[in-house]
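Data file: coords.txt. Format and content: compact mmCIF, C-alpha atoms and all ligand atoms.
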```txt
# COMPACT_ATOMS: atom_id res chain seq x y z
CA MET A 1 -91.84 3.24 87.48
CA ASP A 2 -88.94 2.79 85.10
CA PHE A 3 -88.42 5.89 82.96
CA TYR A 4 -85.57 4.39 80.90
CA PRO A 5 -84.54 5.52 78.25
CA ILE A 6 -85.48 9.09 79.28
CA LYS A 7 -82.38 10.42 81.01
CA GLN A 8 -83.35 13.94 82.00
CA VAL A 9 -86.41 16.17 81.92
CA TYR A 10 -86.96 19.91 82.03
CA LEU A 11 -89.57 21.09 84.53
CA ASN A 12 -90.21 24.75 85.34
CA GLY A 13 -86.66 25.96 84.86
CA ALA A 14 -84.74 22.95 86.21
CA PHE A 15 -83.20 19.87 84.58
CA VAL A 16 -83.89 16.85 86.77
CA ALA A 17 -83.99 13.06 86.64
CA PRO A 18 -87.35 11.81 85.29
CA GLU A 19 -88.37 10.26 88.61
CA ALA A 20 -87.73 13.60 90.37
CA ALA A 21 -90.02 15.56 88.00
CA GLN A 22 -93.22 16.12 89.98
CA VAL A 23 -96.12 18.53 89.62
CA SER A 24 -98.99 19.36 91.94
CA ALA A 25 -102.17 17.28 91.71
CA PHE A 26 -103.89 20.69 91.36
CA ASP A 27 -102.08 21.39 88.09
CA ARG A 28 -104.75 22.34 85.55
CA GLY A 29 -103.12 19.98 83.09
CA PHE A 30 -103.95 17.11 85.45
CA VAL A 31 -107.39 18.36 86.56
CA PHE A 32 -108.76 19.81 83.28
CA GLY A 33 -106.35 18.75 80.52
CA ASP A 34 -105.82 22.51 80.25
CA GLY A 35 -102.66 22.81 78.19
CA VAL A 36 -100.96 22.32 74.84
CA TYR A 37 -98.03 20.27 73.56
CA GLU A 38 -95.61 19.61 70.71
CA VAL A 39 -93.66 16.59 69.47
CA ILE A 40 -90.46 17.46 67.57
CA PRO A 41 -88.16 14.92 65.89
CA VAL A 42 -84.40 15.25 66.36
CA TYR A 43 -82.02 14.15 63.61
CA GLY A 44 -78.24 14.45 63.87
CA GLY A 45 -78.59 16.16 67.26
CA LYS A 46 -80.80 18.98 65.91
CA ALA A 47 -84.54 19.65 66.26
CA PHE A 48 -86.19 19.15 62.84
CA ARG A 49 -88.39 21.95 61.42
CA LEU A 50 -87.98 23.79 64.73
CA PRO A 51 -89.31 27.19 63.57
CA HIS A 52 -92.47 25.45 62.31
CA HIS A 53 -93.03 23.62 65.60
CA LEU A 54 -92.45 26.79 67.63
CA GLN A 55 -94.84 28.68 65.40
CA ARG A 56 -97.53 26.02 65.88
CA LEU A 57 -96.87 26.14 69.64
CA GLU A 58 -97.44 29.91 69.54
CA ALA A 59 -100.73 29.34 67.68
CA SER A 60 -101.89 26.68 70.19
CA LEU A 61 -100.96 28.89 73.16
CA ALA A 62 -102.71 31.91 71.64
CA ALA A 63 -105.81 29.81 70.97
CA ILE A 64 -106.09 28.88 74.66
CA GLY A 65 -105.20 32.35 75.95
CA LEU A 66 -101.74 31.56 77.33
CA GLY A 67 -98.56 33.51 76.68
CA ASN A 68 -95.42 31.64 75.67
CA PRO A 69 -93.50 31.13 78.94
CA LEU A 70 -90.16 30.89 77.08
CA THR A 71 -88.61 32.79 74.19
CA HIS A 72 -87.72 30.79 71.09
CA ALA A 73 -84.04 31.08 72.05
CA GLU A 74 -84.84 29.72 75.54
CA TRP A 75 -86.79 26.80 74.06
CA GLY A 76 -83.82 26.12 71.78
CA ALA A 77 -81.44 26.07 74.77
CA VAL A 78 -83.75 23.69 76.70
CA PHE A 79 -83.93 21.32 73.72
CA ALA A 80 -80.16 21.42 73.19
CA GLN A 81 -79.58 20.37 76.80
CA LEU A 82 -82.20 17.57 76.63
CA ILE A 83 -80.73 16.30 73.36
CA ARG A 84 -77.21 16.31 74.82
CA ALA A 85 -78.35 14.06 77.66
CA HIS A 86 -78.69 11.23 75.10
CA ASP A 87 -75.87 9.82 73.03
CA GLY A 88 -76.38 10.38 69.32
CA GLY A 89 -79.19 8.66 67.47
CA ASP A 90 -82.51 10.11 66.38
CA GLN A 91 -84.76 11.39 69.16
CA SER A 92 -88.13 12.99 69.69
CA ILE A 93 -88.77 15.91 72.01
CA TYR A 94 -92.06 16.16 73.86
CA LEU A 95 -93.01 19.48 75.44
CA GLN A 96 -96.13 20.65 77.18
CA VAL A 97 -97.32 23.90 78.72
CA THR A 98 -100.28 23.91 81.10
CA ARG A 99 -102.16 26.74 82.78
CA GLY A 100 -100.40 25.94 86.06
CA VAL A 101 -101.45 25.13 89.61
CA ALA A 102 -104.61 26.68 91.06
CA PRO A 103 -107.69 25.75 93.12
CA ARG A 104 -110.13 23.89 90.86
CA ASP A 105 -112.32 26.39 89.00
CA HIS A 106 -113.11 26.21 85.29
CA ALA A 107 -112.44 29.91 84.66
CA PHE A 108 -108.80 30.92 84.22
CA PRO A 109 -106.87 31.69 87.43
CA LYS A 110 -105.14 35.09 87.64
CA ASP A 111 -101.34 35.50 87.71
CA THR A 112 -100.66 31.77 87.81
CA PRO A 113 -97.35 30.75 86.24
CA ALA A 114 -97.62 28.10 83.52
CA THR A 115 -96.19 24.65 84.12
CA VAL A 116 -93.51 23.91 81.54
CA PHE A 117 -92.38 20.32 80.97
CA ALA A 118 -90.15 18.81 78.27
CA PHE A 119 -88.07 15.72 77.63
CA SER A 120 -86.37 13.91 74.79
CA GLN A 121 -86.29 10.18 74.09
CA PRO A 122 -84.90 7.94 71.35
CA LEU A 123 -87.09 8.04 68.23
CA LYS A 124 -88.41 4.57 67.46
CA PRO A 125 -88.64 4.22 63.68
CA PRO A 126 -91.64 2.32 62.29
CA GLU A 127 -91.02 -1.43 62.04
CA ALA A 128 -89.46 -2.57 58.76
CA GLY A 129 -92.49 -4.82 58.13
CA GLN A 130 -94.86 -1.85 58.47
CA LEU A 131 -92.86 0.13 55.93
CA ALA A 132 -92.52 -2.78 53.51
CA GLY A 133 -96.09 -4.08 53.74
CA GLY A 134 -98.04 -1.12 55.03
CA ILE A 135 -100.39 -1.02 58.00
CA ALA A 136 -104.10 -1.61 58.57
CA ALA A 137 -106.52 1.19 59.43
CA ILE A 138 -110.23 1.49 60.11
CA THR A 139 -112.65 4.36 59.49
CA VAL A 140 -114.59 5.71 62.47
CA PRO A 141 -116.79 8.76 63.04
CA ASP A 142 -114.76 11.79 64.16
CA ASN A 143 -116.39 12.54 67.50
CA ARG A 144 -113.81 15.11 68.66
CA TRP A 145 -114.49 18.78 69.34
CA GLN A 146 -114.38 21.60 66.78
CA ARG A 147 -110.88 22.94 67.57
CA CYS A 148 -108.74 20.04 66.40
CA ASP A 149 -106.29 22.64 65.03
CA ILE A 150 -105.12 23.27 68.62
CA LYS A 151 -102.49 20.77 69.73
CA ALA A 152 -104.25 20.30 73.07
CA ILE A 153 -103.08 17.82 75.71
CA ALA A 154 -106.73 16.81 76.26
CA LEU A 155 -106.55 13.76 74.00
CA LEU A 156 -109.22 11.49 75.47
CA ALA A 157 -111.19 11.29 72.21
CA ASN A 158 -108.01 10.53 70.23
CA VAL A 159 -106.99 7.89 72.79
CA LEU A 160 -110.38 6.16 72.54
CA LEU A 161 -110.33 6.29 68.72
CA ARG A 162 -106.80 4.85 68.50
CA GLN A 163 -107.78 2.15 71.00
CA GLN A 164 -110.78 1.24 68.83
CA ALA A 165 -108.38 0.73 65.91
CA GLN A 166 -106.08 -1.45 68.05
CA ALA A 167 -109.01 -3.53 69.25
CA ARG A 168 -109.84 -4.27 65.61
CA GLY A 169 -106.25 -5.27 64.80
CA ALA A 170 -105.47 -1.98 63.05
CA VAL A 171 -102.76 0.61 63.70
CA GLU A 172 -104.65 3.83 63.01
CA ALA A 173 -108.22 5.14 63.08
CA ILE A 174 -109.11 7.33 60.09
CA LEU A 175 -111.72 9.88 61.09
CA ILE A 176 -114.82 10.84 59.11
CA ARG A 177 -116.83 13.99 59.89
CA ASP A 178 -120.06 14.71 57.99
CA GLY A 179 -119.07 12.29 55.23
CA PHE A 180 -115.55 13.70 54.75
CA LEU A 181 -112.06 12.62 55.80
CA THR A 182 -110.49 14.75 58.53
CA GLU A 183 -107.31 13.04 59.77
CA GLY A 184 -106.02 10.07 61.78
CA ALA A 185 -106.29 9.69 65.57
CA ALA A 186 -102.65 10.88 65.77
CA SER A 187 -101.69 11.57 62.16
CA ASN A 188 -102.62 13.41 58.97
CA ILE A 189 -103.84 11.38 56.00
CA PHE A 190 -102.82 11.57 52.33
CA VAL A 191 -104.87 9.98 49.57
CA VAL A 192 -103.74 9.11 46.04
CA ARG A 193 -106.43 8.96 43.35
CA ALA A 194 -105.73 8.76 39.63
CA GLY A 195 -102.11 9.79 40.16
CA ARG A 196 -103.02 12.89 42.14
CA LEU A 197 -102.09 13.42 45.81
CA LEU A 198 -104.86 14.83 48.01
CA THR A 199 -105.05 15.86 51.65
CA PRO A 200 -107.82 17.70 53.51
CA PRO A 201 -107.34 21.47 53.77
CA ARG A 202 -106.35 23.23 56.99
CA GLY A 203 -109.23 24.28 59.21
CA PRO A 204 -110.73 23.64 62.64
CA PHE A 205 -111.10 19.89 62.10
CA ILE A 206 -107.48 18.88 61.53
CA LEU A 207 -104.13 19.52 63.16
CA PRO A 208 -101.87 21.42 60.74
CA GLY A 209 -99.20 18.70 60.77
CA ILE A 210 -95.59 19.74 60.31
CA THR A 211 -94.94 16.52 58.36
CA ARG A 212 -98.02 17.24 56.21
CA ASP A 213 -96.74 20.72 55.41
CA LEU A 214 -93.30 19.39 54.48
CA ILE A 215 -94.89 16.87 52.09
CA LEU A 216 -96.87 19.70 50.45
CA GLU A 217 -93.62 21.69 50.20
CA LEU A 218 -91.77 18.73 48.63
CA ALA A 219 -94.61 18.11 46.18
CA HIS A 220 -94.49 21.73 45.12
CA ALA A 221 -90.69 21.78 44.83
CA HIS A 222 -90.70 18.64 42.65
CA GLY A 223 -93.68 19.55 40.47
CA ILE A 224 -95.83 16.68 41.78
CA ASP A 225 -99.60 17.15 41.47
CA CYS A 226 -100.85 17.63 45.02
CA ARG A 227 -104.04 19.35 46.20
CA GLU A 228 -105.37 20.40 49.55
CA SER A 229 -108.99 19.49 49.00
CA ALA A 230 -111.94 17.84 50.72
CA VAL A 231 -111.94 14.04 50.39
CA SER A 232 -115.30 12.28 50.71
CA GLU A 233 -115.63 8.98 52.53
CA ALA A 234 -116.38 7.28 49.17
CA GLU A 235 -113.18 8.76 47.66
CA LEU A 236 -111.19 7.62 50.68
CA LEU A 237 -112.58 4.08 50.45
CA SER A 238 -111.70 3.80 46.75
CA ALA A 239 -108.21 5.36 47.00
CA ASP A 240 -105.28 3.94 45.03
CA GLU A 241 -102.88 4.73 47.89
CA LEU A 242 -103.25 5.93 51.46
CA TRP A 243 -100.56 7.15 53.87
CA MET A 244 -100.53 8.47 57.39
CA THR A 245 -97.97 11.09 58.33
CA SER A 246 -96.62 12.36 61.65
CA SER A 247 -93.41 13.58 63.22
CA THR A 248 -92.72 10.22 64.83
CA LYS A 249 -93.94 7.89 62.05
CA GLU A 250 -92.93 10.12 59.10
CA ILE A 251 -94.73 8.55 56.09
CA LEU A 252 -96.40 5.22 56.75
CA PRO A 253 -98.35 3.43 53.98
CA ILE A 254 -101.84 2.15 54.80
CA THR A 255 -102.54 -0.96 52.73
CA ARG A 256 -105.70 -2.29 54.42
CA LEU A 257 -108.75 -0.22 55.23
CA ASN A 258 -111.71 -1.79 57.04
CA ASP A 259 -110.26 -5.25 56.27
CA ARG A 260 -110.11 -4.55 52.52
CA PRO A 261 -106.97 -3.92 50.46
CA VAL A 262 -106.20 -0.31 49.55
CA GLY A 263 -105.50 -0.19 45.79
CA ALA A 264 -103.25 -3.14 44.99
CA GLY A 265 -102.88 -3.93 48.72
CA GLN A 266 -99.19 -2.95 48.64
CA PRO A 267 -97.43 0.36 49.36
CA GLY A 268 -97.81 2.36 46.16
CA PRO A 269 -95.28 4.13 43.92
CA LEU A 270 -96.11 7.67 45.08
CA GLN A 271 -95.50 6.87 48.75
CA ALA A 272 -92.15 5.28 47.74
CA ARG A 273 -91.25 8.48 45.89
CA PHE A 274 -92.19 10.66 48.86
CA ARG A 275 -90.40 8.46 51.38
CA GLN A 276 -87.31 8.90 49.21
CA LEU A 277 -87.80 12.70 48.99
CA TYR A 278 -88.36 12.84 52.76
CA GLU A 279 -85.16 10.84 53.39
CA GLU A 280 -83.22 13.17 51.10
CA TYR A 281 -84.62 16.18 52.93
CA LYS A 282 -83.56 14.68 56.27
CA GLN A 283 -80.07 14.03 54.87
CA ALA A 284 -79.85 17.67 53.79
CA PHE A 285 -81.04 18.70 57.27
CA ARG A 286 -78.41 16.54 58.96
CA ALA A 287 -75.80 18.16 56.72
CA GLY A 288 -76.99 21.63 57.74
CA GLN A 289 -78.50 22.37 54.31
CA ALA A 290 -82.17 22.44 55.32
CA GLU A 291 -84.12 23.61 58.36
N1 LIG B 301 -99.25 13.63 66.86
N2 LIG B 301 -103.02 14.97 63.70
C1 LIG B 301 -103.03 14.59 65.00
C2 LIG B 301 -104.33 14.47 65.70
C3 LIG B 301 -101.81 14.31 65.66
O1 LIG B 301 -101.83 13.97 66.96
C4 LIG B 301 -100.58 14.41 64.94
C5 LIG B 301 -99.26 14.12 65.58
C6 LIG B 301 -100.63 14.81 63.60
C7 LIG B 301 -99.38 14.96 62.77
O2 LIG B 301 -98.70 16.16 63.09
P1 LIG B 301 -97.10 16.30 62.94
O3 LIG B 301 -96.78 15.95 61.54
O4 LIG B 301 -96.85 17.71 63.26
O5 LIG B 301 -96.48 15.33 63.93
C8 LIG B 301 -101.86 15.08 63.01
C9 LIG B 301 -98.03 13.50 67.64
C10 LIG B 301 -96.88 12.89 66.92
C11 LIG B 301 -98.35 12.85 68.96
O6 LIG B 301 -99.39 13.18 69.52
O7 LIG B 301 -97.55 12.05 69.45
```

Would you mind writing the file's structure down as structure tokens?
Amino acid sequence: MDFYPIKQVYLNGAFVAPEAAQVSAFDRGFVFGDGVYEVIPVYGGKAFRLPHHLQRLEASLAAIGLGNPLTHAEWGAVFAQLIRAHDGGDQSIYLQVTRGVAPRDHAFPKDTPATVFAFSQPLKPPEAGQLAGGIAAITVPDNRWQRCDIKAIALLANVLLRQQAQARGAVEAILIRDGFLTEGAASNIFVVRAGRLLTPPRGPFILPGITRDLILELAHAHGIDCRESAVSEAELLSADELWMTSSTKEILPITRLNDRPVGAGQPGPLQARFRQLYEEYKQAFRAGQAE
């Protein structure tokens, strides 16, 4: 297998070539999907919103009864080394912690060290055409479990949902639970209705996205009307604007939903404003003036 462009990975205390990074087939991550992960963008050689990502990692680990195997300073040192292995350019760090290697038994093993894995790779920005024209999405029932707030590596439901979207010529699946919007298969969703920005509130059915939280912060800082509130399927389907947000895609306009145009069928003015605010925030971050 060709791992290019990943140059180096961190595995259980060592930095090795990607093809040399191997874990036991009895790792509980492999056998049970028993672990958690993070994806962190890197701009100007620095991990973006790092304290927020490490805090969410702590929350995910606590939720599955695992201690953090590394201190925040140790994580920072691992990331710095992985980032240095690449020359410049924006990157994204992937990290995962699993419950380690043990004979197969559902209950937790005792005194088993966690498996810790991380790497960085160049960040692929969304295609220019997707930003200019928006992407297509479909709505599908949210058939995931009831702890979607944990960033768990067990992503089979998300994989199947995203695949359903792809099979229908769309980029993202927008999930509906009990008649209300939750999130995307791998993104949070923002809805614009009558000039007001809405996104579902935190809770067990959505991942508290770091990009989502930054958008809420920017809205607040710039006096833009934005609410965390439940969005019904009918409100979603009659939105003026829709966006998906994530660490790797940032803010991506959705201009077709279930083969119908969203609003005017073009990326709307509020997403343009927020993409601008997001870019400015990233510039400030690169210049060392934001976290
Ligand atoms: N996924 N909701 C889900 C289910 C996600 O998988 C993601 C991100 C988000 C957005 O969170 P953030 O803004 O913190 O990236 C929301 C990552 C990028 C992934 O799995 O690759």

request  = Report as an NGL selection string which protein, DNA and RNA residues come within 9 Å of ligand LIG 301 (chain B), using only C-alpha atoms and all ligand atoms.
outcome  = :A and (37-41 or 52-53 or 56 or 94 or 148-149 or 151 or 153 or 155 or 158 or 183-189 or 206-214 or 244-250)

message = Between atom CA of A:Leu181 and atom CA of A:Ile215, what is the distance in Å, rounded to a tenth?
response =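 Computed distance, atom CA of A:Leu181 to atom CA of A:Ile215, equals 18.1 Å.
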
request  = Between A:Gln8, A:Gln276, A:Gln163, A:Ser238, single out the one closest to A:Gly263, counting only C-alpha atoms.
outcome  =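 That would be A:Ser238, the residue with the smallest distance to A:Gly263.
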
key: Using all atoms listed in the file: which of A:Leu198, A:Glu280, A:Arg260, A:Ala230 has the shortest distance to A:Leu218   =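 Distance minimum relative to A:Leu218 lands on A:Glu280.
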
Kindly extract all protein, DNA and RNA residues lying within 12 Å of the coordinates (-111.3, 26.5, 85.0) given in the file, considering only C-alpha atoms, and supply them as a PDB file with C-alpha atoms, in the frame of the given file.
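Below you can see part.pdb, which holds the result:
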```pdb
ATOM      1  CA  PHE A  26    -103.890  20.690  91.360  1.00  0.00           C
ATOM      2  CA  ASP A  27    -102.080  21.390  88.090  1.00  0.00           C
ATOM      3  CA  ARG A  28    -104.750  22.340  85.550  1.00  0.00           C
ATOM      4  CA  GLY A  29    -103.120  19.980  83.090  1.00  0.00           C
ATOM      5  CA  PHE A  30    -103.950  17.110  85.450  1.00  0.00           C
ATOM      6  CA  VAL A  31    -107.390  18.360  86.560  1.00  0.00           C
ATOM      7  CA  PHE A  32    -108.760  19.810  83.280  1.00  0.00           C
ATOM      8  CA  GLY A  33    -106.350  18.750  80.520  1.00  0.00           C
ATOM      9  CA  ASP A  34    -105.820  22.510  80.250  1.00  0.00           C
ATOM     10  CA  GLY A  35    -102.660  22.810  78.190  1.00  0.00           C
ATOM     11  CA  ILE A  64    -106.090  28.880  74.660  1.00  0.00           C
ATOM     12  CA  THR A  98    -100.280  23.910  81.100  1.00  0.00           C
ATOM     13  CA  ARG A  99    -102.160  26.740  82.780  1.00  0.00           C
ATOM     14  CA  GLY A 100    -100.400  25.940  86.060  1.00  0.00           C
ATOM     15  CA  VAL A 101    -101.450  25.130  89.610  1.00  0.00           C
ATOM     16  CA  ALA A 102    -104.610  26.680  91.060  1.00  0.00           C
ATOM     17  CA  PRO A 103    -107.690  25.750  93.120  1.00  0.00           C
ATOM     18  CA  ARG A 104    -110.130  23.890  90.860  1.00  0.00           C
ATOM     19  CA  ASP A 105    -112.320  26.390  89.000  1.00  0.00           C
ATOM     20  CA  HIS A 106    -113.110  26.210  85.290  1.00  0.00           C
ATOM     21  CA  ALA A 107    -112.440  29.910  84.660  1.00  0.00           C
ATOM     22  CA  PHE A 108    -108.800  30.920  84.220  1.00  0.00           C
ATOM     23  CA  PRO A 109    -106.870  31.690  87.430  1.00  0.00           C
ATOM     24  CA  LYS A 110    -105.140  35.090  87.640  1.00  0.00           C
TER      25      LYS A 110
END
```

ask   = So, counting all atoms listed in the file, which residue among A:Val9, A:Cys226, A:Ala63, A:Ala152 is closest to A:Val36?
value = A:Ala152

request  = Work out how far atom CA of A:Pro261 is from atom CA of A:Gly133, in Å to one decimal.
outcome  =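 Atom CA of A:Pro261 lies at a distance of 11.4 Å from atom CA of A:Gly133.
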
key: Close residues, A:Pro5 itself excluded, 9 Å, all atoms listed in the file, min 4 positions apart in chain, as a list in words   =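 Skipping anything fewer than 4 positions along the chain leaves His86, Gln121 and Pro122 of chain A.
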
inquiry  = Could you check the closest approach to A:Ile150 for each of A:Ala59, A:Trp243, A:Phe274, A:Ala20 and tell me which residue wins, using all atoms listed in the file?
reply    =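 Nearest to A:Ile150: A:Ala59.
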
request  = For stretch 65-81 of chain A, work out the shell of residues within 10 Å, counting all atoms listed in the file and skipping chain neighbours fewer than 4 positions away, then give it as number ranges by chain.
outcome  = A: 8-10, 12-15, 35-36, 40, 42, 45-47, 50-51, 54-55, 57-61, 85-86, 93-95, 97-99, 108, 113-116, 118-120

ask   = From the list A:Gly169, A:Phe48, A:Arg147, A:Asp240, which residue is nearest A:Arg202 when using all atoms listed in the file?
value =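 Among the listed residues, A:Arg147 lies closest to A:Arg202.
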
key: Top pick for closest residue to A:Pro125, considering A:Ser92, A:Thr139, A:Gln146, A:Thr199 and counting all atoms listed in the file   = A:Ser92
